[in-house]
$ cat run12.csv   # CSV, C-alpha atoms
chain,number,residue,atom,x,y,z
A,153,MET,CA,0.0,0.0,0.0
A,154,THR,CA,1.3,3.5,-0.9
A,155,ARG,CA,2.1,5.5,2.2
A,156,PRO,CA,0.1,8.8,2.5
A,157,PHE,CA,2.2,11.8,1.5
A,158,VAL,CA,2.2,15.5,0.7
A,159,PHE,CA,4.3,17.0,-2.1
A,160,ALA,CA,4.5,20.7,-2.6
A,161,GLY,CA,5.5,20.5,-6.3
A,162,LEU,CA,8.6,21.7,-8.1
A,163,SER,CA,8.9,25.4,-8.5
A,164,THR,CA,12.4,26.1,-9.9
A,165,ARG,CA,12.8,26.3,-13.7
A,166,VAL,CA,15.6,24.0,-15.0
A,167,VAL,CA,17.5,24.4,-18.2
A,168,PHE,CA,19.8,21.3,-18.8
A,169,GLY,CA,22.1,20.4,-21.6
A,170,HIS,CA,25.3,21.2,-23.4
A,171,GLY,CA,26.1,24.8,-24.1
A,172,THR,CA,23.1,26.1,-22.1
A,173,LEU,CA,25.3,28.9,-20.6
A,174,LYS,CA,24.3,31.0,-23.7
A,175,SER,CA,20.7,30.9,-22.5
A,176,VAL,CA,21.5,32.9,-19.3
A,177,PRO,CA,20.7,36.4,-20.9
A,178,ASP,CA,17.4,35.1,-22.2
A,179,GLU,CA,16.6,33.6,-18.8
A,180,VAL,CA,17.4,36.9,-17.0
A,181,ALA,CA,15.1,38.7,-19.5
A,182,ARG,CA,12.4,36.0,-18.9
A,183,LEU,CA,12.4,36.9,-15.2
A,184,GLY,CA,11.8,40.5,-16.2
A,185,HIS,CA,15.2,41.8,-15.0
A,186,HIS,CA,17.7,44.1,-16.6
A,187,ARG,CA,20.7,44.5,-14.1
A,188,ALA,CA,22.1,41.2,-12.9
A,189,LEU,CA,24.9,41.0,-10.4
A,190,VAL,CA,27.1,38.1,-11.4
A,191,LEU,CA,28.6,36.2,-8.4
A,192,SER,CA,31.7,33.9,-8.2
A,193,THR,CA,34.6,32.9,-6.0
A,194,PRO,CA,38.0,34.6,-6.7
A,195,HIS,CA,39.0,31.4,-8.5
A,196,GLN,CA,36.2,31.7,-11.1
A,197,GLU,CA,36.3,35.5,-11.5
A,198,ASP,CA,37.4,35.2,-15.2
A,199,GLN,CA,34.4,33.0,-15.9
A,200,ALA,CA,32.1,35.5,-14.1
A,201,GLN,CA,33.5,38.4,-16.1
A,202,ALA,CA,33.0,36.6,-19.3
A,203,LEU,CA,29.4,35.9,-18.3
A,204,ALA,CA,28.9,39.5,-17.5
A,205,GLU,CA,30.2,40.5,-20.9
A,206,ALA,CA,27.7,38.1,-22.5
A,207,LEU,CA,24.9,39.7,-20.5
A,208,GLY,CA,26.0,43.1,-21.9
A,209,SER,CA,23.8,46.0,-20.7
A,210,ALA,CA,21.9,43.5,-18.5
A,211,ALA,CA,24.9,43.1,-16.2
A,212,ALA,CA,25.2,45.4,-13.2
A,213,GLY,CA,28.7,44.1,-12.4
A,214,VAL,CA,30.6,41.2,-10.8
A,215,PHE,CA,31.2,40.3,-7.2
A,216,SER,CA,33.9,37.6,-7.0
A,217,ASP,CA,34.5,37.2,-3.2
A,218,ALA,CA,32.1,34.3,-2.5
A,219,ALA,CA,33.6,32.1,0.2
A,220,MET,CA,33.1,28.7,1.7
A,221,HIS,CA,30.4,28.3,4.3
A,222,THR,CA,28.8,31.7,3.4
A,223,PRO,CA,30.4,34.0,6.0
A,224,VAL,CA,28.0,36.8,7.0
A,225,ASP,CA,30.6,39.5,6.6
A,226,VAL,CA,31.1,38.5,3.0
A,227,THR,CA,27.4,38.6,2.5
A,228,GLY,CA,27.2,42.1,4.0
A,229,ARG,CA,29.7,43.3,1.4
A,230,ALA,CA,27.9,41.6,-1.4
A,231,VAL,CA,24.5,43.1,-0.4
A,232,ALA,CA,26.1,46.5,-0.3
A,233,ALA,CA,27.5,45.9,-3.8
A,234,TYR,CA,24.1,44.7,-5.0
A,235,ARG,CA,22.4,47.9,-3.8
A,236,ASP,CA,25.2,50.3,-4.8
A,237,LEU,CA,25.2,48.9,-8.4
A,238,GLY,CA,21.4,49.1,-8.7
A,239,ALA,CA,21.1,45.4,-9.4
A,240,ASP,CA,17.7,43.7,-9.7
A,241,CYS,CA,18.7,40.0,-9.6
A,242,VAL,CA,21.7,37.8,-9.1
A,243,VAL,CA,23.4,35.2,-11.3
A,244,SER,CA,25.5,32.7,-9.3
A,245,LEU,CA,28.2,31.0,-11.3
A,246,GLY,CA,30.1,28.2,-9.5
A,247,GLY,CA,29.8,25.7,-6.7
A,248,GLY,CA,28.2,25.7,-3.3
A,249,SER,CA,30.0,28.7,-2.0
A,250,THR,CA,28.7,31.0,-4.8
A,251,THR,CA,25.2,29.5,-4.7
A,252,GLY,CA,25.1,30.1,-1.0
A,253,LEU,CA,26.1,33.7,-1.4
A,254,GLY,CA,23.3,34.2,-4.0
A,255,LYS,CA,20.8,32.7,-1.6
A,256,ALA,CA,22.0,35.0,1.2
A,257,ILE,CA,21.6,38.1,-1.0
A,258,ALA,CA,18.2,36.9,-2.2
A,259,THR,CA,16.7,36.3,1.2
A,260,ARG,CA,17.9,39.7,2.4
A,261,THR,CA,16.8,41.8,-0.6
A,262,GLY,CA,14.0,39.8,-2.3
A,263,ALA,CA,16.2,39.4,-5.4
A,264,ASP,CA,15.4,36.7,-7.9
A,265,GLN,CA,18.3,34.1,-8.5
A,266,LEU,CA,19.6,32.3,-11.5
A,267,VAL,CA,22.2,29.7,-10.6
A,268,VAL,CA,24.8,28.1,-13.0
A,269,PRO,CA,26.3,25.2,-11.1
A,270,THR,CA,29.9,24.1,-12.1
A,271,THR,CA,30.2,21.3,-9.5
A,272,TYR,CA,27.9,18.5,-8.2
A,273,ALA,CA,27.5,20.0,-4.7
A,274,GLY,CA,23.8,20.2,-5.2
A,275,SER,CA,22.5,23.1,-3.2
A,276,GLU,CA,21.0,25.0,-6.2
A,277,MET,CA,17.6,23.3,-6.1
A,278,THR,CA,17.0,23.7,-2.3
A,279,ASP,CA,15.5,26.3,0.0
A,280,ILE,CA,18.4,25.8,2.5
A,281,LEU,CA,20.9,28.4,3.5
A,282,GLY,CA,23.8,27.7,5.9
A,283,GLU,CA,25.7,30.8,7.1
A,284,THR,CA,28.7,31.1,9.3
A,285,ALA,CA,29.4,33.7,12.0
A,286,ASP,CA,31.6,33.6,15.2
A,287,GLY,CA,32.7,30.1,14.5
A,288,GLU,CA,29.3,28.6,14.1
A,289,LYS,CA,27.2,27.6,11.1
A,290,VAL,CA,23.5,28.2,11.3
A,291,THR,CA,21.1,26.7,8.8
A,292,ARG,CA,17.6,27.8,7.9
A,293,ARG,CA,15.0,27.2,5.3
A,294,ASP,CA,12.7,29.7,3.6
A,295,ALA,CA,10.9,30.1,0.3
A,296,SER,CA,12.9,33.3,-0.4
A,297,ILE,CA,16.1,31.1,-0.5
A,298,ARG,CA,15.1,28.8,-3.3
A,299,PRO,CA,16.4,30.0,-6.7
A,300,GLU,CA,14.0,30.8,-9.5
A,301,VAL,CA,16.1,29.3,-12.4
A,302,VAL,CA,19.0,26.8,-12.6
A,303,VAL,CA,21.0,26.5,-15.8
A,304,TYR,CA,22.9,23.2,-16.0
A,305,ASP,CA,25.6,23.3,-18.7
A,306,VAL,CA,27.4,20.0,-19.0
A,307,ASP,CA,30.2,21.7,-20.9
A,308,LEU,CA,31.2,23.7,-17.7
A,309,THR,CA,32.0,20.5,-15.9
A,310,LEU,CA,34.2,18.9,-18.5
A,311,GLY,CA,37.3,20.4,-16.9
A,312,LEU,CA,36.3,19.8,-13.3
A,313,PRO,CA,39.3,18.3,-11.5
A,314,VAL,CA,38.9,14.7,-10.7
A,315,GLY,CA,39.2,15.2,-6.9
A,316,LEU,CA,36.5,17.9,-6.8
A,317,THR,CA,34.4,15.7,-9.1
A,318,MET,CA,34.4,12.9,-6.6
A,319,THR,CA,34.0,14.9,-3.4
A,320,SER,CA,31.2,17.1,-4.7
A,321,ALA,CA,29.4,14.0,-6.1
A,322,LEU,CA,29.6,12.3,-2.8
A,323,ASN,CA,28.3,15.5,-1.2
A,324,ALA,CA,25.3,15.2,-3.6
A,325,ILE,CA,24.8,11.5,-2.8
A,326,ALA,CA,24.5,12.5,0.9
A,327,HIS,CA,21.4,14.5,-0.1
A,328,ALA,CA,19.9,11.5,-1.7
A,329,MET,CA,20.8,9.3,1.2
A,330,GLU,CA,19.0,11.6,3.7
A,331,GLY,CA,16.1,11.9,1.3
A,332,LEU,CA,15.5,8.1,1.5
A,333,TYR,CA,14.6,8.1,5.2
A,334,ALA,CA,13.3,11.7,5.8
A,335,PRO,CA,10.0,11.7,7.7
A,336,ASP,CA,8.5,13.9,5.0
A,337,ARG,CA,9.8,11.8,2.0
A,338,ASN,CA,7.4,11.2,-0.8
A,339,PRO,CA,7.4,9.1,-4.0
A,340,VAL,CA,8.8,11.9,-6.1
A,341,THR,CA,11.9,12.5,-3.9
A,342,GLU,CA,12.4,8.8,-3.4
A,343,ALA,CA,12.4,8.1,-7.1
A,344,LEU,CA,14.8,11.0,-7.7
A,345,SER,CA,17.1,9.7,-5.1
A,346,ARG,CA,17.1,6.1,-6.4
A,347,ASP,CA,17.7,7.3,-10.0
A,348,ALA,CA,20.5,9.7,-9.0
A,349,LEU,CA,22.3,7.0,-7.0
A,350,LYS,CA,22.4,4.7,-10.0
A,351,ALA,CA,23.5,7.5,-12.3
A,352,PHE,CA,26.4,8.5,-10.0
A,353,ALA,CA,27.4,4.8,-9.5
A,354,ALA,CA,27.7,4.5,-13.3
A,355,ALA,CA,29.3,7.8,-14.1
A,356,LEU,CA,32.0,8.3,-11.4
A,357,PRO,CA,34.2,5.3,-12.2
A,358,VAL,CA,34.2,6.5,-15.8
A,359,LEU,CA,35.2,10.0,-14.8
A,360,ARG,CA,38.0,8.7,-12.5
A,361,ASP,CA,39.7,7.4,-15.6
A,362,ALA,CA,38.3,9.7,-18.4
A,363,PRO,CA,37.5,13.0,-16.7
A,364,ALA,CA,36.4,14.7,-20.0
A,365,ASN,CA,34.0,11.9,-21.0
A,366,PRO,CA,30.9,14.0,-22.1
A,367,GLU,CA,28.3,11.2,-21.6
A,368,ALA,CA,29.5,10.5,-18.1
A,369,ARG,CA,29.7,14.2,-17.3
A,370,SER,CA,26.1,14.6,-18.5
A,371,GLN,CA,25.0,11.6,-16.4
A,372,ALA,CA,26.8,13.0,-13.3
A,373,LEU,CA,25.2,16.4,-13.6
A,374,TYR,CA,21.8,14.9,-14.1
A,375,ALA,CA,22.4,12.9,-10.9
A,376,ALA,CA,23.4,16.1,-9.1
A,377,TRP,CA,20.1,17.7,-10.1
A,378,GLY,CA,18.2,14.7,-8.8
A,379,CYS,CA,20.0,14.7,-5.4
A,380,SER,CA,19.6,18.5,-5.0
A,381,THR,CA,15.9,18.4,-5.9
A,382,ALA,CA,15.3,15.6,-3.4
A,383,LEU,CA,16.9,17.4,-0.5
A,384,GLY,CA,15.0,20.6,-1.5
A,385,TYR,CA,11.7,19.0,-0.4
A,386,VAL,CA,12.6,17.0,2.7
A,387,GLN,CA,14.1,17.5,6.1
A,388,MET,CA,17.8,17.1,6.8
A,389,ALA,CA,19.1,14.8,9.5
A,390,LEU,CA,22.4,13.7,11.2
A,391,HIS,CA,24.6,13.8,8.2
A,392,HIS,CA,24.0,17.5,7.4
A,393,LYS,CA,24.2,18.4,11.1
A,394,LEU,CA,27.7,16.9,11.4
A,395,ALA,CA,28.8,18.5,8.1
A,396,HIS,CA,27.6,21.9,9.3
A,397,VAL,CA,29.4,21.5,12.6
A,398,LEU,CA,32.7,20.5,11.1
A,399,GLY,CA,32.5,23.2,8.5
A,400,GLY,CA,31.2,26.1,10.5
A,401,SER,CA,33.1,25.5,13.7
A,402,PHE,CA,36.3,23.9,12.5
A,403,GLY,CA,36.7,25.4,9.0
A,404,LEU,CA,36.8,22.0,7.2
A,405,PRO,CA,36.3,22.1,3.4
A,406,HIS,CA,32.7,21.5,2.5
A,407,ALA,CA,32.7,18.8,-0.2
A,408,GLU,CA,35.5,16.8,1.4
A,409,THR,CA,33.8,16.8,4.8
A,410,HIS,CA,30.6,15.5,3.3
A,411,ALA,CA,32.4,12.8,1.3
A,412,ILE,CA,34.3,11.5,4.4
A,413,LEU,CA,31.2,11.5,6.7
A,414,LEU,CA,28.8,9.9,4.2
A,415,PRO,CA,29.6,6.2,4.8
A,416,HIS,CA,29.7,6.7,8.6
A,417,THR,CA,26.4,8.7,8.9
A,418,THR,CA,24.8,6.2,6.6
A,419,ALA,CA,26.0,3.2,8.7
A,420,TYR,CA,24.8,5.0,12.0
A,421,ASN,CA,21.3,5.3,10.7
A,422,GLU,CA,21.2,2.0,8.9
A,423,VAL,CA,20.9,0.3,12.2
A,424,ALA,CA,17.4,1.9,12.5
A,425,VAL,CA,16.3,2.1,8.9
A,426,ALA,CA,18.1,-0.6,6.9
A,427,GLY,CA,15.1,-1.2,4.7
A,428,LEU,CA,14.8,2.5,3.6
A,429,LEU,CA,18.6,2.6,2.8
A,430,ALA,CA,18.4,-0.7,0.8
A,431,PRO,CA,18.6,1.3,-2.5
A,432,ILE,CA,22.1,2.4,-1.5
A,433,ARG,CA,23.1,-1.2,-0.4
A,434,ASP,CA,21.8,-2.6,-3.7
A,435,THR,CA,23.3,0.1,-5.9
A,436,PHE,CA,26.8,-0.1,-4.5
A,437,GLY,CA,26.8,-3.9,-4.1
A,438,HIS,CA,27.9,-4.6,-0.5
A,439,ALA,CA,26.3,-6.2,2.5
A,440,SER,CA,25.4,-2.8,4.0
A,441,ALA,CA,24.8,0.7,2.6
A,442,GLY,CA,27.5,2.2,4.8
A,443,ALA,CA,30.2,-0.3,3.7
A,444,GLY,CA,29.1,0.1,0.1
A,445,LEU,CA,29.6,3.8,0.1
A,446,TRP,CA,33.0,3.5,1.9
A,447,HIS,CA,34.3,1.0,-0.7
A,448,PHE,CA,32.9,3.2,-3.6
A,449,ALA,CA,34.5,6.3,-2.2
A,450,ARG,CA,37.8,4.4,-1.8
A,451,ASP,CA,37.6,3.0,-5.3
A,452,ILE,CA,37.0,6.5,-7.0
A,453,GLY,CA,39.9,8.0,-5.0
A,454,ALA,CA,37.9,10.2,-2.6
A,455,PRO,CA,39.4,11.1,0.8
A,456,LEU,CA,38.4,8.8,3.7
A,457,ARG,CA,39.9,10.4,6.8
A,458,LEU,CA,38.9,13.6,8.6
A,459,SER,CA,42.5,13.6,9.9
A,460,GLU,CA,43.6,14.4,6.4
A,461,LEU,CA,41.6,17.7,6.5
A,462,GLY,CA,43.5,19.0,9.5
A,463,LEU,CA,41.0,18.0,12.2
A,464,SER,CA,42.9,16.9,15.3
A,465,GLU,CA,41.8,13.9,17.4
A,466,ALA,CA,41.4,16.4,20.3
A,467,ASP,CA,38.8,18.3,18.3
A,468,LEU,CA,36.5,15.3,18.2
A,469,ASP,CA,35.2,15.8,21.8
A,470,ARG,CA,34.3,19.4,21.1
A,471,ALA,CA,32.7,18.5,17.7
A,472,THR,CA,30.6,15.9,19.5
A,473,GLU,CA,29.4,18.4,22.1
A,474,ILE,CA,28.3,20.8,19.4
A,475,ALA,CA,26.6,18.2,17.4
A,476,VAL,CA,24.4,16.8,20.2
A,477,LYS,CA,23.5,20.2,21.6
A,478,ASN,CA,20.7,21.0,19.1
A,479,PRO,CA,20.4,17.8,16.9
A,480,TYR,CA,18.3,17.6,13.8
A,481,GLU,CA,15.4,15.1,13.7
A,482,ASN,CA,17.0,11.7,12.9
A,483,PRO,CA,15.7,8.1,12.5
A,484,ARG,CA,18.1,6.8,15.1
A,485,GLU,CA,18.6,8.4,18.5
A,486,ILE,CA,21.5,10.7,18.6
A,487,THR,CA,23.7,9.9,21.6
A,488,HIS,CA,26.9,11.4,22.8
A,489,ALA,CA,28.7,8.0,22.7
A,490,GLY,CA,27.3,7.1,19.3
A,491,ILE,CA,28.4,10.4,17.7
A,492,ARG,CA,31.8,10.4,19.3
A,493,GLN,CA,32.4,6.9,17.9
A,494,LEU,CA,31.1,7.9,14.5
A,495,LEU,CA,33.5,10.8,14.4
A,496,GLN,CA,36.4,8.7,15.6
A,497,ASP,CA,35.8,6.2,12.8
A,498,ALA,CA,35.5,9.0,10.2
A,499,TRP,CA,38.7,10.6,11.6
A,500,GLU,CA,40.6,7.3,11.3
A,501,GLY,CA,39.0,6.4,7.9
A,502,SER,CA,38.0,2.9,9.0
A,503,GLU,CA,35.4,0.9,7.2
A,504,PRO,CA,32.0,1.2,8.9
A,505,ALA,CA,31.1,-1.8,10.9
$ encode --input "run12.csv" --output "structure tokens"
Amino acid sequence: MTRPFVFAGLSTRVVFGHGTLKSVPDEVARLGHHRALVLSTPHQEDQAQALAEALGSAAAGVFSDAAMHTPVDVTGRAVAAYRDLGADCVVSLGGGSTTGLGKAIATRTGADQLVVPTTYAGSEMTDILGETADGEKVTRRDASIRPEVVVYDVDLTLGLPVGLTMTSALNAIAHAMEGLYAPDRNPVTEALSRDALKAFAAALPVLRDAPANPEARSQALYAAWGCSTALGYVQMALHHKLAHVLGGSFGLPHAETHAILLPHTTAYNEVAVAGLLAPIRDTFGHASAGAGLWHFARDIGAPLRLSELGLSEADLDRATEIAVKNPYENPREITHAGIRQLLQDAWEGSEPA
């Protein structure tokens, strides 16, 4: 029997394909805007400038200081630039850092957003914003945070470094994983999660050996869309809580942290909801979902140990305290001992039991 469910319906317009970057000016015009502020990190400033040139008179300027974990002081400067330049929308070109900045501007100003993802991080389809201030990352959800348009251009991912390909993809897989057992899951998000898992499982081994393979790149970007969409309509749980703690309070890199935590947070909750996580177990071909993700991550060359990211073993106690203080709703009880052991295993990089 089908479980009762509520699904709000998809609201973000998606343009997907090869060479779709050229559609951005038309999409800005379709939104009814004429002065877009183009956002990027310093690393992608040249791409942002090129996009601004393509927008022509519809570009208000470029702000290229987007930073990991969306620091509120950077957002303050970006909002000032948005207003000083007379912008009427934002175009975010890049990964999760740039997407986060666009969301932060939008929720403060009411600006419409157009996002052009260049990694698989998968925050572009969600109404979730995590912001960092005073060594703590605070996450919230609101309709004003969800972008109006997302333009997926496979060509922009053809040169994505292999390391970032794998870690940002595992970051996206974490969205699908939590979508499988979320209390507000529904048949649409469940189907998206299952389909995305299969697409990533097929594409990532190919990209490990042939990073510019266009078919595998298309398959991976499609999978990222599915994972992002699933998370955009369900609650987050333990995995995202721990990633936010380690990123916001310890400055760990976003994608790598998600990638390392994923097998361990999956194994922690698999004790309580093994049936719901069966699609992961079946997709990655091991006796358990957690072990399957650990072996998959190892095989595609992703990092396995939090110790590699600069987190000390002494930090694990403080991280545990922060994580259990205000836990997200989770299918398995969050205990101090359980989380401390999970973090120890992730710090050492051991295969989940």
$ closest_residue --input "run12.csv" --among "A:Arg292, A:His438, A:His392, A:Arg235" --to "A:Gly252" --atoms "all atoms listed in the file"
A:Arg292
$ residues_around --input "run12.csv" --residues "A:Gly246" --least-positions-apart "5" --cutoff "9 Å" --atoms "only C-alpha atoms" --output "list in words"
Leu191, Ser192, Thr193, Gln196, Ala200, Thr251, Val267, Val268, Pro269, Thr270 and Thr271 of chain A
$ residues_around --input "run12.csv" --residues "A:Leu266" --least-positions-apart "3" --cutoff "12 Å" --atoms "all atoms listed in the file" --output "PyMOL selection string"
chain A and resi 164-167+173+175-183+185+188-191+240-246+250-251+254-255+258+263+269+276-277+297-304
$ closest_residue --input "run12.csv" --among "A:Tyr480, A:Ser209, A:Gly462, A:Thr278" --to "A:Pro405" --atoms "only C-alpha atoms"
A:Gly462
$ residues_around --input "run12.csv" --residues "A:Asp469" --least-positions-apart "4" --cutoff "10 Å" --atoms "only C-alpha atoms" --output "list in words"
Glu465, Glu473, Ile474, Ala475, His488, Ile491, Arg492, Leu495 and Gln496 of chain A
$ closest_residue --input "run12.csv" --among "A:Ala328, A:Ala218, A:Gly427, A:Glu481" --to "A:Glu197" --atoms "all atoms listed in the file"
A:Ala218
$ closest_residue --input "run12.csv" --among "A:Gly238, A:Gly315, A:Pro194, A:Pro431" --to "A:Leu359" --atoms "all atoms listed in the file"
A:Gly315
$ atom_distance --input "run12.csv" --atom1 "atom CA of A:Ala348" --atom2 "atom CA of A:Ala376"
7.0 Å
$ residues_around --input "run12.csv" --residues "A:Gly311" --least-positions-apart "5" --cutoff "12 Å" --atoms "only C-alpha atoms" --output "JSON list (two decimals) with C-alpha atoms, in the frame of the given file"
[["chain", "number", "residue", "atom", "x", "y", "z"],
["A", 270, "THR", "CA", 29.90, 24.10, -12.10],
["A", 271, "THR", "CA", 30.20, 21.30, -9.50],
["A", 306, "VAL", "CA", 27.40, 20.00, -19.00],
["A", 316, "LEU", "CA", 36.50, 17.90, -6.80],
["A", 317, "THR", "CA", 34.40, 15.70, -9.10],
["A", 359, "LEU", "CA", 35.20, 10.00, -14.80],
["A", 362, "ALA", "CA", 38.30, 9.70, -18.40],
["A", 363, "PRO", "CA", 37.50, 13.00, -16.70],
["A", 364, "ALA", "CA", 36.40, 14.70, -20.00],
["A", 365, "ASN", "CA", 34.00, 11.90, -21.00],
["A", 366, "PRO", "CA", 30.90, 14.00, -22.10],
["A", 369, "ARG", "CA", 29.70, 14.20, -17.30]]
$ decode --input "run12.csv" --residues "stretch 203-211 of chain A" --atoms "all heavy atoms" --output "PDB file, in the first residue's frame"
ATOM      1  N   LEU A 203      30.808  35.958 -18.364  1.00  0.00           N
ATOM      2  CA  LEU A 203      29.350  35.880 -18.349  1.00  0.00           C
ATOM      3  C   LEU A 203      28.746  37.280 -18.294  1.00  0.00           C
ATOM      4  O   LEU A 203      27.736  37.559 -18.960  1.00  0.00           O
ATOM      5  CB  LEU A 203      28.887  35.040 -17.160  1.00  0.00           C
ATOM      6  CG  LEU A 203      27.376  34.846 -17.009  1.00  0.00           C
ATOM      7  CD1 LEU A 203      26.752  34.312 -18.292  1.00  0.00           C
ATOM      8  CD2 LEU A 203      27.071  33.920 -15.832  1.00  0.00           C
ATOM      9  N   ALA A 204      29.353  38.168 -17.510  1.00  0.00           N
ATOM     10  CA  ALA A 204      28.867  39.546 -17.452  1.00  0.00           C
ATOM     11  C   ALA A 204      28.957  40.208 -18.824  1.00  0.00           C
ATOM     12  O   ALA A 204      28.052  40.952 -19.235  1.00  0.00           O
ATOM     13  CB  ALA A 204      29.660  40.340 -16.416  1.00  0.00           C
ATOM     14  N   GLU A 205      30.036  39.935 -19.546  1.00  0.00           N
ATOM     15  CA  GLU A 205      30.177  40.483 -20.897  1.00  0.00           C
ATOM     16  C   GLU A 205      29.090  39.939 -21.822  1.00  0.00           C
ATOM     17  O   GLU A 205      28.551  40.663 -22.668  1.00  0.00           O
ATOM     18  CB  GLU A 205      31.556  40.157 -21.443  1.00  0.00           C
ATOM     19  CG  GLU A 205      32.691  40.912 -20.748  1.00  0.00           C
ATOM     20  CD  GLU A 205      34.053  40.485 -21.256  1.00  0.00           C
ATOM     21  OE1 GLU A 205      34.110  39.762 -22.275  1.00  0.00           O
ATOM     22  OE2 GLU A 205      35.069  40.870 -20.632  1.00  0.00           O
ATOM     23  N   ALA A 206      28.757  38.653 -21.652  1.00  0.00           N
ATOM     24  CA  ALA A 206      27.695  38.065 -22.466  1.00  0.00           C
ATOM     25  C   ALA A 206      26.338  38.687 -22.147  1.00  0.00           C
ATOM     26  O   ALA A 206      25.479  38.817 -23.036  1.00  0.00           O
ATOM     27  CB  ALA A 206      27.640  36.554 -22.254  1.00  0.00           C
ATOM     28  N   LEU A 207      26.150  39.091 -20.913  1.00  0.00           N
ATOM     29  CA  LEU A 207      24.901  39.743 -20.508  1.00  0.00           C
ATOM     30  C   LEU A 207      24.810  41.162 -21.046  1.00  0.00           C
ATOM     31  O   LEU A 207      23.716  41.718 -21.186  1.00  0.00           O
ATOM     32  CB  LEU A 207      24.782  39.750 -18.984  1.00  0.00           C
ATOM     33  CG  LEU A 207      24.382  38.426 -18.335  1.00  0.00           C
ATOM     34  CD1 LEU A 207      24.694  38.434 -16.843  1.00  0.00           C
ATOM     35  CD2 LEU A 207      22.892  38.153 -18.551  1.00  0.00           C
ATOM     36  N   GLY A 208      25.968  41.764 -21.334  1.00  0.00           N
ATOM     37  CA  GLY A 208      25.983  43.108 -21.896  1.00  0.00           C
ATOM     38  C   GLY A 208      25.377  44.133 -20.961  1.00  0.00           C
ATOM     39  O   GLY A 208      25.718  44.204 -19.772  1.00  0.00           O
ATOM     40  N   SER A 209      24.449  44.916 -21.476  1.00  0.00           N
ATOM     41  CA  SER A 209      23.831  45.972 -20.670  1.00  0.00           C
ATOM     42  C   SER A 209      22.974  45.420 -19.546  1.00  0.00           C
ATOM     43  O   SER A 209      22.585  46.155 -18.632  1.00  0.00           O
ATOM     44  CB  SER A 209      22.978  46.870 -21.564  1.00  0.00           C
ATOM     45  OG  SER A 209      21.929  46.126 -22.168  1.00  0.00           O
ATOM     46  N   ALA A 210      22.676  44.107 -19.573  1.00  0.00           N
ATOM     47  CA  ALA A 210      21.878  43.485 -18.508  1.00  0.00           C
ATOM     48  C   ALA A 210      22.726  43.085 -17.310  1.00  0.00           C
ATOM     49  O   ALA A 210      22.206  42.527 -16.343  1.00  0.00           O
ATOM     50  CB  ALA A 210      21.141  42.263 -19.046  1.00  0.00           C
ATOM     51  N   ALA A 211      24.041  43.358 -17.358  1.00  0.00           N
ATOM     52  CA  ALA A 211      24.924  43.064 -16.225  1.00  0.00           C
ATOM     53  C   ALA A 211      25.162  44.331 -15.415  1.00  0.00           C
ATOM     54  O   ALA A 211      25.569  45.363 -15.959  1.00  0.00           O
ATOM     55  CB  ALA A 211      26.251  42.505 -16.714  1.00  0.00           C
TER      56      ALA A 211
END
